[in-house]
Amino acid sequence: MVPYIPTTDSQKMEMLKKLGLNSIEELFEDIPKDLRFPPVNIDEGLSETEVLCVMRELAEKNVHADQCTWFLGAGAYDHFIPSAVGALSSRGEFLTSYTPYQPEVSQGTLQAIFEYQSMICELTGMDVVNASHYDGAAALAEAVLMAARISDEKKLIFIPEGLNPEYKAVIKTYLAAFPVTLEEYNASPKEAALAAGNNLAAVIASYPDFFGIIPDLDGAAEAVHEKGGLFIVHADPIMLGLFKSPGVFGADIVTAEGQSLGNELSYGGPYLGIMAVTSSLMRRIPGRIAGLTADTQGRRGFVLTLAAREQHIRREKAVSNICSNQGLAALRACIYLCLMGKNGLRHCAELCWNRSHYAAKQIASIPGCKIAEGTFFKEFAVTLPCNAEVLAEKLFEKKIVPGFPLSRYFPDRPNDLLICVTEKNSKNDIDALVSAIREAVK
């Protein structure tokens with residue numbers, strides 16, 4: 001931290017003299033007089049006790065997930081976080097560290113990154129993982145940029161119709177200055193690739209999509225590779241504890257939002273962008289990679305083995321000039337995965353699957369309610385016999401957040417509600433939701 005050092009009067013006069021001025025007023029003569037010192041209507045200051053009271057009153061107006069029966073998802077998920085995650089990640093050694101440029105004093109941080117990368121490789125079925133991106137949307141956009149650069153003359157990117165609308169917006173923003181064409185498809189990824197021409201750069205699959213539906217990935221990679229493109233899969237990391245990993249299907253790049261791995265909802269951030277690739281794309285990956293090595297005495301150590309960021313190399317040589325590292329969020333994901341283990345993560349995923357399907361079955365029994373077709377993991381869309389936003393407002397009065405009204409992004413779907421059920425939702429919670437919906441739609 002650099003201390004604040006006030007400028008003395010003599011120093012001010014010396015600076016003015018260098019500028020050929022005699023006073024501060026002369027410095028601002030070019031600004032119209034009536035704009036120089038506008039009146040600022042600020043109340044008198046409060047004491048610390050009074051400020052704390054005001055802040056407490058403001059905080060009490062907020063509602064967090066643990067105060068309600070919570071079924072809201074749509075990209076940010078309320079999963080259980082073991083207490084040890086917060087306790088360990090808040091230790092000063094981790095909380096105050098930034099970038100491990102000096103390995104001799106950063107072994108703990110480097111090892112944490114290495115362990116994070118190793119576990120994400122296992123989870124996604126990929127060879128290499130970087131550390132890391134701002135969030136899932138940034139990671140996916142960077143993956144698309146990678147495909148566009150590699151493909152050279154092939155500039156067609158296929159995006160699933162069911163991709164998160166906010167992710168679509170981020171991708172379009174990233175690619176605004178690139179000569180690529182984005183097209184949406186509503187078939188399977190394999191069918192989309194087969195229908196494409198020879199200018200295909202990449203096909204993206206959302207696993208699952210924004211509406212919770214799990215697409216069929218069989219044969220997709222082969223079909224994309226036949227056209228010379230890359231197969232990109234954006235996955236739910238919790239779901240990978242139960243379902244086949246994208247690597248098994250032949251994905252070239254896997255991205256994910258790591259918020260559900262031990263990170264709080266936190267009003268939308270900071271989150272964690274995960275990116276994993278095959279070994280053939282290792283030198284194309286943005287960000288950095290921590291590796292295991294040995295010193296001259298044969299002792300184990302950790303270093304940055306690859307860093308394609310603009311801070312480390314010449315800007316024109318950087319793979320990306322806007323990627324960054326969410327070190328603390330990645331650390332929390334690392335601790336979470338260590339605590340959960342393979343069996344714990346699978347059990348969490350099984351609870352999500354079983355409880356969400358129980359909820360869907362119960363809601364489907366309500367007259368006028370229809371569950372969307374397709375296999376889903378923990379999220380599903382339901383068409384109600386009434387306006388979804390109106391129903392959500394009614395249930396919120398009972399401290400039930402029933403889900404995400406899809407009309408926010410899809411105005412032609414005013415009666416559709418996206419409901420998310422995680423391992424934190426008990427049978428009693430689900431039954432309360434079903435009962436409240438049944439009463440509200442009478």
# chains A, B, ... in the order shown; residues from 1 in each chain; ligands from 1
>>> residues_around(residues="A:Asp209", least_positions_apart="2", cutoff="12 Å", atoms="only C-alpha atoms", output="PyMOL selection string")
chain A and resi 74-75+159-165+167+186+188+204-207+211-216+233-236+256+374-381+418
>>> select_by_dssp(residues="stretch 275-417 of chain A", states="helix (DSSP H, G or I)", output="PDB file with N, CA and C atoms, in the first residue's frame")
ATOM      1  N   SER A 279      -4.504 -31.705 -25.143  1.00  0.00           N
ATOM      2  CA  SER A 279      -3.074 -31.364 -25.131  1.00  0.00           C
ATOM      3  C   SER A 279      -2.630 -30.667 -26.415  1.00  0.00           C
ATOM      4  N   SER A 280      -3.301 -30.971 -27.528  1.00  0.00           N
ATOM      5  CA  SER A 280      -2.922 -30.349 -28.799  1.00  0.00           C
ATOM      6  C   SER A 280      -3.209 -28.849 -28.820  1.00  0.00           C
ATOM      7  N   LEU A 281      -4.094 -28.395 -27.942  1.00  0.00           N
ATOM      8  CA  LEU A 281      -4.443 -26.973 -27.898  1.00  0.00           C
ATOM      9  C   LEU A 281      -3.778 -26.249 -26.734  1.00  0.00           C
ATOM     10  N   MET A 282      -2.873 -26.918 -26.047  1.00  0.00           N
ATOM     11  CA  MET A 282      -2.286 -26.358 -24.831  1.00  0.00           C
ATOM     12  C   MET A 282      -1.653 -24.989 -25.062  1.00  0.00           C
ATOM     13  N   ARG A 283      -0.948 -24.817 -26.163  1.00  0.00           N
ATOM     14  CA  ARG A 283      -0.270 -23.548 -26.401  1.00  0.00           C
ATOM     15  C   ARG A 283      -1.193 -22.492 -27.003  1.00  0.00           C
ATOM     16  N   ARG A 284      -2.431 -22.861 -27.208  1.00  0.00           N
ATOM     17  CA  ARG A 284      -3.420 -21.897 -27.699  1.00  0.00           C
ATOM     18  C   ARG A 284      -4.293 -21.349 -26.563  1.00  0.00           C
ATOM     19  N   ARG A 315       2.639  -7.990 -26.106  1.00  0.00           N
ATOM     20  CA  ARG A 315       1.195  -7.891 -26.292  1.00  0.00           C
ATOM     21  C   ARG A 315       0.737  -8.548 -27.586  1.00  0.00           C
ATOM     22  N   GLU A 316       1.473  -8.329 -28.666  1.00  0.00           N
ATOM     23  CA  GLU A 316       1.072  -8.876 -29.959  1.00  0.00           C
ATOM     24  C   GLU A 316       1.206 -10.392 -30.008  1.00  0.00           C
ATOM     25  N   LYS A 317       1.960 -10.969 -29.076  1.00  0.00           N
ATOM     26  CA  LYS A 317       2.132 -12.419 -29.027  1.00  0.00           C
ATOM     27  C   LYS A 317       1.142 -13.088 -28.082  1.00  0.00           C
ATOM     28  N   GLY A 327      -8.199 -16.103  -8.867  1.00  0.00           N
ATOM     29  CA  GLY A 327      -7.442 -16.987  -7.995  1.00  0.00           C
ATOM     30  C   GLY A 327      -8.190 -17.444  -6.756  1.00  0.00           C
ATOM     31  N   LEU A 328      -8.854 -16.520  -6.060  1.00  0.00           N
ATOM     32  CA  LEU A 328      -9.531 -16.889  -4.818  1.00  0.00           C
ATOM     33  C   LEU A 328     -10.732 -17.789  -5.086  1.00  0.00           C
ATOM     34  N   ALA A 329     -11.482 -17.502  -6.164  1.00  0.00           N
ATOM     35  CA  ALA A 329     -12.618 -18.349  -6.529  1.00  0.00           C
ATOM     36  C   ALA A 329     -12.147 -19.738  -6.943  1.00  0.00           C
ATOM     37  N   ALA A 330     -11.017 -19.803  -7.650  1.00  0.00           N
ATOM     38  CA  ALA A 330     -10.448 -21.103  -8.042  1.00  0.00           C
ATOM     39  C   ALA A 330      -9.967 -21.870  -6.811  1.00  0.00           C
ATOM     40  N   LEU A 331      -9.412 -21.146  -5.851  1.00  0.00           N
ATOM     41  CA  LEU A 331      -8.980 -21.783  -4.606  1.00  0.00           C
ATOM     42  C   LEU A 331     -10.169 -22.403  -3.877  1.00  0.00           C
ATOM     43  N   ARG A 332     -11.277 -21.672  -3.815  1.00  0.00           N
ATOM     44  CA  ARG A 332     -12.471 -22.199  -3.147  1.00  0.00           C
ATOM     45  C   ARG A 332     -12.978 -23.443  -3.868  1.00  0.00           C
ATOM     46  N   ALA A 333     -12.925 -23.423  -5.203  1.00  0.00           N
ATOM     47  CA  ALA A 333     -13.330 -24.602  -5.970  1.00  0.00           C
ATOM     48  C   ALA A 333     -12.409 -25.781  -5.667  1.00  0.00           C
ATOM     49  N   CYS A 334     -11.120 -25.497  -5.529  1.00  0.00           N
ATOM     50  CA  CYS A 334     -10.142 -26.539  -5.212  1.00  0.00           C
ATOM     51  C   CYS A 334     -10.436 -27.167  -3.853  1.00  0.00           C
ATOM     52  N   ILE A 335     -10.667 -26.327  -2.850  1.00  0.00           N
ATOM     53  CA  ILE A 335     -10.958 -26.826  -1.503  1.00  0.00           C
ATOM     54  C   ILE A 335     -12.267 -27.608  -1.504  1.00  0.00           C
ATOM     55  N   TYR A 336     -13.280 -27.088  -2.195  1.00  0.00           N
ATOM     56  CA  TYR A 336     -14.583 -27.756  -2.272  1.00  0.00           C
ATOM     57  C   TYR A 336     -14.439 -29.160  -2.865  1.00  0.00           C
ATOM     58  N   LEU A 337     -13.725 -29.261  -3.977  1.00  0.00           N
ATOM     59  CA  LEU A 337     -13.556 -30.562  -4.632  1.00  0.00           C
ATOM     60  C   LEU A 337     -12.759 -31.529  -3.764  1.00  0.00           C
ATOM     61  N   CYS A 338     -11.769 -31.005  -3.044  1.00  0.00           N
ATOM     62  CA  CYS A 338     -10.994 -31.866  -2.131  1.00  0.00           C
ATOM     63  C   CYS A 338     -11.885 -32.405  -1.018  1.00  0.00           C
ATOM     64  N   LEU A 339     -12.727 -31.535  -0.463  1.00  0.00           N
ATOM     65  CA  LEU A 339     -13.597 -31.936   0.631  1.00  0.00           C
ATOM     66  C   LEU A 339     -14.675 -32.923   0.173  1.00  0.00           C
ATOM     67  N   MET A 340     -15.235 -32.673  -0.994  1.00  0.00           N
ATOM     68  CA  MET A 340     -16.328 -33.511  -1.498  1.00  0.00           C
ATOM     69  C   MET A 340     -15.803 -34.864  -1.976  1.00  0.00           C
ATOM     70  N   GLY A 341     -14.697 -34.841  -2.682  1.00  0.00           N
ATOM     71  CA  GLY A 341     -14.185 -36.082  -3.248  1.00  0.00           C
ATOM     72  C   GLY A 341     -15.091 -36.615  -4.344  1.00  0.00           C
ATOM     73  N   LYS A 342     -14.650 -37.674  -4.979  1.00  0.00           N
ATOM     74  CA  LYS A 342     -15.409 -38.268  -6.089  1.00  0.00           C
ATOM     75  C   LYS A 342     -16.794 -38.720  -5.632  1.00  0.00           C
ATOM     76  N   ASN A 343     -16.864 -39.421  -4.497  1.00  0.00           N
ATOM     77  CA  ASN A 343     -18.146 -39.946  -4.025  1.00  0.00           C
ATOM     78  C   ASN A 343     -19.072 -38.834  -3.544  1.00  0.00           C
ATOM     79  N   GLY A 344     -18.495 -37.827  -2.883  1.00  0.00           N
ATOM     80  CA  GLY A 344     -19.313 -36.719  -2.401  1.00  0.00           C
ATOM     81  C   GLY A 344     -19.937 -35.926  -3.530  1.00  0.00           C
ATOM     82  N   LEU A 345     -19.148 -35.686  -4.579  1.00  0.00           N
ATOM     83  CA  LEU A 345     -19.663 -34.937  -5.717  1.00  0.00           C
ATOM     84  C   LEU A 345     -20.758 -35.740  -6.429  1.00  0.00           C
ATOM     85  N   ARG A 346     -20.552 -37.032  -6.547  1.00  0.00           N
ATOM     86  CA  ARG A 346     -21.569 -37.879  -7.172  1.00  0.00           C
ATOM     87  C   ARG A 346     -22.853 -37.881  -6.333  1.00  0.00           C
ATOM     88  N   HIS A 347     -22.703 -37.960  -5.023  1.00  0.00           N
ATOM     89  CA  HIS A 347     -23.878 -37.962  -4.148  1.00  0.00           C
ATOM     90  C   HIS A 347     -24.644 -36.639  -4.279  1.00  0.00           C
ATOM     91  N   CYS A 348     -23.911 -35.537  -4.346  1.00  0.00           N
ATOM     92  CA  CYS A 348     -24.537 -34.222  -4.536  1.00  0.00           C
ATOM     93  C   CYS A 348     -25.327 -34.194  -5.842  1.00  0.00           C
ATOM     94  N   ALA A 349     -24.715 -34.687  -6.918  1.00  0.00           N
ATOM     95  CA  ALA A 349     -25.374 -34.710  -8.225  1.00  0.00           C
ATOM     96  C   ALA A 349     -26.606 -35.610  -8.210  1.00  0.00           C
ATOM     97  N   GLU A 350     -26.508 -36.743  -7.515  1.00  0.00           N
ATOM     98  CA  GLU A 350     -27.661 -37.656  -7.423  1.00  0.00           C
ATOM     99  C   GLU A 350     -28.822 -37.007  -6.677  1.00  0.00           C
ATOM    100  N   LEU A 351     -28.514 -36.257  -5.619  1.00  0.00           N
ATOM    101  CA  LEU A 351     -29.564 -35.556  -4.879  1.00  0.00           C
ATOM    102  C   LEU A 351     -30.251 -34.515  -5.769  1.00  0.00           C
ATOM    103  N   CYS A 352     -29.446 -33.784  -6.541  1.00  0.00           N
ATOM    104  CA  CYS A 352     -30.019 -32.798  -7.470  1.00  0.00           C
ATOM    105  C   CYS A 352     -30.954 -33.485  -8.462  1.00  0.00           C
ATOM    106  N   TRP A 353     -30.487 -34.592  -9.035  1.00  0.00           N
ATOM    107  CA  TRP A 353     -31.285 -35.337 -10.024  1.00  0.00           C
ATOM    108  C   TRP A 353     -32.583 -35.846  -9.395  1.00  0.00           C
ATOM    109  N   ASN A 354     -32.479 -36.545  -8.281  1.00  0.00           N
ATOM    110  CA  ASN A 354     -33.657 -37.166  -7.672  1.00  0.00           C
ATOM    111  C   ASN A 354     -34.668 -36.132  -7.182  1.00  0.00           C
ATOM    112  N   ARG A 355     -34.195 -35.086  -6.545  1.00  0.00           N
ATOM    113  CA  ARG A 355     -35.119 -34.099  -5.988  1.00  0.00           C
ATOM    114  C   ARG A 355     -35.763 -33.239  -7.072  1.00  0.00           C
ATOM    115  N   SER A 356     -35.009 -32.921  -8.122  1.00  0.00           N
ATOM    116  CA  SER A 356     -35.604 -32.126  -9.206  1.00  0.00           C
ATOM    117  C   SER A 356     -36.656 -32.938  -9.954  1.00  0.00           C
ATOM    118  N   HIS A 357     -36.405 -34.224 -10.130  1.00  0.00           N
ATOM    119  CA  HIS A 357     -37.386 -35.054 -10.829  1.00  0.00           C
ATOM    120  C   HIS A 357     -38.624 -35.321  -9.963  1.00  0.00           C
ATOM    121  N   TYR A 358     -38.424 -35.396  -8.659  1.00  0.00           N
ATOM    122  CA  TYR A 358     -39.572 -35.498  -7.760  1.00  0.00           C
ATOM    123  C   TYR A 358     -40.417 -34.219  -7.850  1.00  0.00           C
ATOM    124  N   ALA A 359     -39.743 -33.069  -7.855  1.00  0.00           N
ATOM    125  CA  ALA A 359     -40.461 -31.793  -7.949  1.00  0.00           C
ATOM    126  C   ALA A 359     -41.228 -31.688  -9.261  1.00  0.00           C
ATOM    127  N   ALA A 360     -40.576 -32.072 -10.365  1.00  0.00           N
ATOM    128  CA  ALA A 360     -41.237 -31.992 -11.674  1.00  0.00           C
ATOM    129  C   ALA A 360     -42.474 -32.881 -11.720  1.00  0.00           C
ATOM    130  N   LYS A 361     -42.368 -34.066 -11.153  1.00  0.00           N
ATOM    131  CA  LYS A 361     -43.505 -34.996 -11.141  1.00  0.00           C
ATOM    132  C   LYS A 361     -44.672 -34.430 -10.346  1.00  0.00           C
ATOM    133  N   GLN A 362     -44.361 -33.812  -9.204  1.00  0.00           N
ATOM    134  CA  GLN A 362     -45.421 -33.251  -8.369  1.00  0.00           C
ATOM    135  C   GLN A 362     -46.074 -32.034  -9.030  1.00  0.00           C
ATOM    136  N   ILE A 363     -45.263 -31.188  -9.642  1.00  0.00           N
ATOM    137  CA  ILE A 363     -45.811 -29.997 -10.311  1.00  0.00           C
ATOM    138  C   ILE A 363     -46.639 -30.391 -11.524  1.00  0.00           C
ATOM    139  N   ALA A 364     -46.210 -31.439 -12.226  1.00  0.00           N
ATOM    140  CA  ALA A 364     -46.961 -31.908 -13.403  1.00  0.00           C
ATOM    141  C   ALA A 364     -48.362 -32.390 -13.020  1.00  0.00           C
ATOM    142  N   ALA A 388     -46.193 -16.160 -15.153  1.00  0.00           N
ATOM    143  CA  ALA A 388     -45.143 -16.640 -14.249  1.00  0.00           C
ATOM    144  C   ALA A 388     -44.639 -15.547 -13.318  1.00  0.00           C
ATOM    145  N   GLU A 389     -44.531 -14.316 -13.807  1.00  0.00           N
ATOM    146  CA  GLU A 389     -44.053 -13.226 -12.960  1.00  0.00           C
ATOM    147  C   GLU A 389     -45.058 -12.916 -11.854  1.00  0.00           C
ATOM    148  N   VAL A 390     -46.319 -12.950 -12.196  1.00  0.00           N
ATOM    149  CA  VAL A 390     -47.362 -12.711 -11.188  1.00  0.00           C
ATOM    150  C   VAL A 390     -47.321 -13.802 -10.124  1.00  0.00           C
ATOM    151  N   LEU A 391     -47.179 -15.058 -10.552  1.00  0.00           N
ATOM    152  CA  LEU A 391     -47.095 -16.163  -9.599  1.00  0.00           C
ATOM    153  C   LEU A 391     -45.859 -16.018  -8.710  1.00  0.00           C
ATOM    154  N   ALA A 392     -44.735 -15.627  -9.295  1.00  0.00           N
ATOM    155  CA  ALA A 392     -43.510 -15.465  -8.514  1.00  0.00           C
ATOM    156  C   ALA A 392     -43.680 -14.406  -7.436  1.00  0.00           C
ATOM    157  N   GLU A 393     -44.361 -13.312  -7.762  1.00  0.00           N
ATOM    158  CA  GLU A 393     -44.608 -12.256  -6.781  1.00  0.00           C
ATOM    159  C   GLU A 393     -45.499 -12.764  -5.644  1.00  0.00           C
ATOM    160  N   LYS A 394     -46.510 -13.549  -5.988  1.00  0.00           N
ATOM    161  CA  LYS A 394     -47.406 -14.105  -4.964  1.00  0.00           C
ATOM    162  C   LYS A 394     -46.645 -15.021  -4.010  1.00  0.00           C
ATOM    163  N   LEU A 395     -45.796 -15.875  -4.570  1.00  0.00           N
ATOM    164  CA  LEU A 395     -45.072 -16.832  -3.738  1.00  0.00           C
ATOM    165  C   LEU A 395     -43.972 -16.180  -2.928  1.00  0.00           C
ATOM    166  N   PHE A 396     -43.429 -15.074  -3.462  1.00  0.00           N
ATOM    167  CA  PHE A 396     -42.396 -14.381  -2.711  1.00  0.00           C
ATOM    168  C   PHE A 396     -42.948 -13.836  -1.403  1.00  0.00           C
ATOM    169  N   LEU A 406     -39.302 -16.889 -17.431  1.00  0.00           N
ATOM    170  CA  LEU A 406     -38.559 -16.838 -18.689  1.00  0.00           C
ATOM    171  C   LEU A 406     -38.904 -15.633 -19.552  1.00  0.00           C
ATOM    172  N   SER A 407     -39.974 -14.929 -19.217  1.00  0.00           N
ATOM    173  CA  SER A 407     -40.357 -13.754 -20.000  1.00  0.00           C
ATOM    174  C   SER A 407     -39.300 -12.661 -19.949  1.00  0.00           C
ATOM    175  N   ARG A 408     -38.403 -12.713 -18.984  1.00  0.00           N
ATOM    176  CA  ARG A 408     -37.331 -11.712 -18.915  1.00  0.00           C
ATOM    177  C   ARG A 408     -36.505 -11.726 -20.187  1.00  0.00           C
TER     178      ARG A 408
END
>>> residues_around(residues="A:Glu93", least_positions_apart="4", cutoff="10 Å", atoms="only C-alpha atoms", output="PyMOL selection string")
chain A and resi 88-89+97+106+108-109
>>> residues_around(residues="A:Ile289", least_positions_apart="3", cutoff="9 Å", atoms="only C-alpha atoms", output="number ranges by chain")
A: 113-114, 117, 128-132, 303-307
>>> select_by_dssp(residues="stretch 185-352 of chain A", states="strand (DSSP E or B)", output="JSON, numbers by chain")
{"A": [185, 200, 201, 202, 203, 204, 205, 206, 207, 213, 230, 231, 232, 233, 234, 235, 253, 254, 255, 256, 257, 273, 274, 275, 276, 277, 288, 289, 290, 291, 292, 293, 294, 300, 301, 302, 303, 304, 305, 306, 307, 309, 320]}
>>> closest_residue(among="A:Gly73, A:Glu50, A:Ser435, A:Lys17", to="A:Phe404", atoms="only C-alpha atoms")
A:Gly73
>>> decode(residues="stretch 402-431 of chain A", atoms="N, CA and C atoms", output="mmCIF file, in the first residue's frame")
data_model
loop_
_atom_site.group_PDB
_atom_site.id
_atom_site.type_symbol
_atom_site.label_atom_id
_atom_site.label_comp_id
_atom_site.auth_asym_id
_atom_site.auth_seq_id
_atom_site.Cartn_x
_atom_site.Cartn_y
_atom_site.Cartn_z
ATOM 1 N N PRO A 402 -39.850 -19.179 -6.429
ATOM 2 C CA PRO A 402 -40.189 -20.395 -7.177
ATOM 3 C C PRO A 402 -39.338 -20.675 -8.402
ATOM 4 N N GLY A 403 -38.562 -19.693 -8.844
ATOM 5 C CA GLY A 403 -37.769 -19.924 -10.040
ATOM 6 C C GLY A 403 -37.598 -18.651 -10.841
ATOM 7 N N PHE A 404 -37.269 -18.820 -12.099
ATOM 8 C CA PHE A 404 -36.938 -17.705 -12.985
ATOM 9 C C PHE A 404 -38.003 -17.564 -14.073
ATOM 10 N N PRO A 405 -38.812 -16.483 -14.060
ATOM 11 C CA PRO A 405 -39.785 -16.272 -15.145
ATOM 12 C C PRO A 405 -39.054 -16.039 -16.469
ATOM 13 N N LEU A 406 -39.302 -16.889 -17.431
ATOM 14 C CA LEU A 406 -38.559 -16.838 -18.689
ATOM 15 C C LEU A 406 -38.904 -15.633 -19.552
ATOM 16 N N SER A 407 -39.974 -14.929 -19.217
ATOM 17 C CA SER A 407 -40.357 -13.754 -20.000
ATOM 18 C C SER A 407 -39.300 -12.661 -19.949
ATOM 19 N N ARG A 408 -38.403 -12.713 -18.984
ATOM 20 C CA ARG A 408 -37.331 -11.712 -18.915
ATOM 21 C C ARG A 408 -36.505 -11.726 -20.187
ATOM 22 N N TYR A 409 -36.224 -12.904 -20.716
ATOM 23 C CA TYR A 409 -35.456 -13.033 -21.954
ATOM 24 C C TYR A 409 -36.314 -13.437 -23.144
ATOM 25 N N PHE A 410 -37.481 -14.011 -22.864
ATOM 26 C CA PHE A 410 -38.339 -14.512 -23.933
ATOM 27 C C PHE A 410 -39.757 -13.961 -23.725
ATOM 28 N N PRO A 411 -40.044 -12.763 -24.230
ATOM 29 C CA PRO A 411 -41.345 -12.124 -24.020
ATOM 30 C C PRO A 411 -42.530 -12.955 -24.510
ATOM 31 N N ASP A 412 -42.269 -13.871 -25.454
ATOM 32 C CA ASP A 412 -43.348 -14.700 -25.977
ATOM 33 C C ASP A 412 -43.646 -15.905 -25.079
ATOM 34 N N ARG A 413 -42.989 -15.970 -23.913
ATOM 35 C CA ARG A 413 -43.217 -17.079 -22.987
ATOM 36 C C ARG A 413 -43.600 -16.545 -21.596
ATOM 37 N N PRO A 414 -44.678 -15.793 -21.497
ATOM 38 C CA PRO A 414 -45.050 -15.161 -20.218
ATOM 39 C C PRO A 414 -45.457 -16.146 -19.128
ATOM 40 N N ASN A 415 -45.883 -17.349 -19.517
ATOM 41 C CA ASN A 415 -46.365 -18.319 -18.527
ATOM 42 C C ASN A 415 -45.319 -19.373 -18.155
ATOM 43 N N ASP A 416 -44.092 -19.222 -18.658
ATOM 44 C CA ASP A 416 -43.065 -20.233 -18.422
ATOM 45 C C ASP A 416 -42.156 -19.848 -17.260
ATOM 46 N N LEU A 417 -41.914 -20.836 -16.404
ATOM 47 C CA LEU A 417 -41.079 -20.642 -15.216
ATOM 48 C C LEU A 417 -39.966 -21.680 -15.215
ATOM 49 N N LEU A 418 -38.723 -21.227 -15.016
ATOM 50 C CA LEU A 418 -37.581 -22.130 -14.947
ATOM 51 C C LEU A 418 -37.283 -22.415 -13.474
ATOM 52 N N ILE A 419 -37.436 -23.661 -13.076
ATOM 53 C CA ILE A 419 -37.292 -24.059 -11.670
ATOM 54 C C ILE A 419 -36.005 -24.855 -11.490
ATOM 55 N N CYS A 420 -35.242 -24.520 -10.456
ATOM 56 C CA CYS A 420 -33.999 -25.213 -10.156
ATOM 57 C C CYS A 420 -34.103 -25.867 -8.781
ATOM 58 N N VAL A 421 -33.733 -27.136 -8.706
ATOM 59 C CA VAL A 421 -33.741 -27.880 -7.443
ATOM 60 C C VAL A 421 -32.338 -28.435 -7.209
ATOM 61 N N THR A 422 -31.748 -28.075 -6.089
ATOM 62 C CA THR A 422 -30.416 -28.579 -5.740
ATOM 63 C C THR A 422 -30.500 -29.473 -4.509
ATOM 64 N N GLU A 423 -29.333 -29.938 -4.065
ATOM 65 C CA GLU A 423 -29.294 -30.809 -2.894
ATOM 66 C C GLU A 423 -29.735 -30.091 -1.625
ATOM 67 N N LYS A 424 -29.786 -28.749 -1.660
ATOM 68 C CA LYS A 424 -30.201 -27.992 -0.481
ATOM 69 C C LYS A 424 -31.717 -27.949 -0.309
ATOM 70 N N ASN A 425 -32.459 -28.319 -1.345
ATOM 71 C CA ASN A 425 -33.927 -28.302 -1.269
ATOM 72 C C ASN A 425 -34.430 -29.631 -0.728
ATOM 73 N N SER A 426 -35.004 -29.603 0.465
ATOM 74 C CA SER A 426 -35.533 -30.820 1.085
ATOM 75 C C SER A 426 -36.884 -31.185 0.484
ATOM 76 N N LYS A 427 -37.363 -32.364 0.824
ATOM 77 C CA LYS A 427 -38.699 -32.786 0.370
ATOM 78 C C LYS A 427 -39.759 -31.819 0.892
ATOM 79 N N ASN A 428 -39.587 -31.342 2.121
ATOM 80 C CA ASN A 428 -40.540 -30.384 2.679
ATOM 81 C C ASN A 428 -40.551 -29.084 1.880
ATOM 82 N N ASP A 429 -39.356 -28.636 1.454
ATOM 83 C CA ASP A 429 -39.267 -27.428 0.627
ATOM 84 C C ASP A 429 -40.026 -27.622 -0.683
ATOM 85 N N ILE A 430 -39.797 -28.773 -1.308
ATOM 86 C CA ILE A 430 -40.450 -29.057 -2.593
ATOM 87 C C ILE A 430 -41.959 -29.150 -2.423
ATOM 88 N N ASP A 431 -42.398 -29.836 -1.376
ATOM 89 C CA ASP A 431 -43.835 -29.958 -1.129
ATOM 90 C C ASP A 431 -44.465 -28.599 -0.862
#
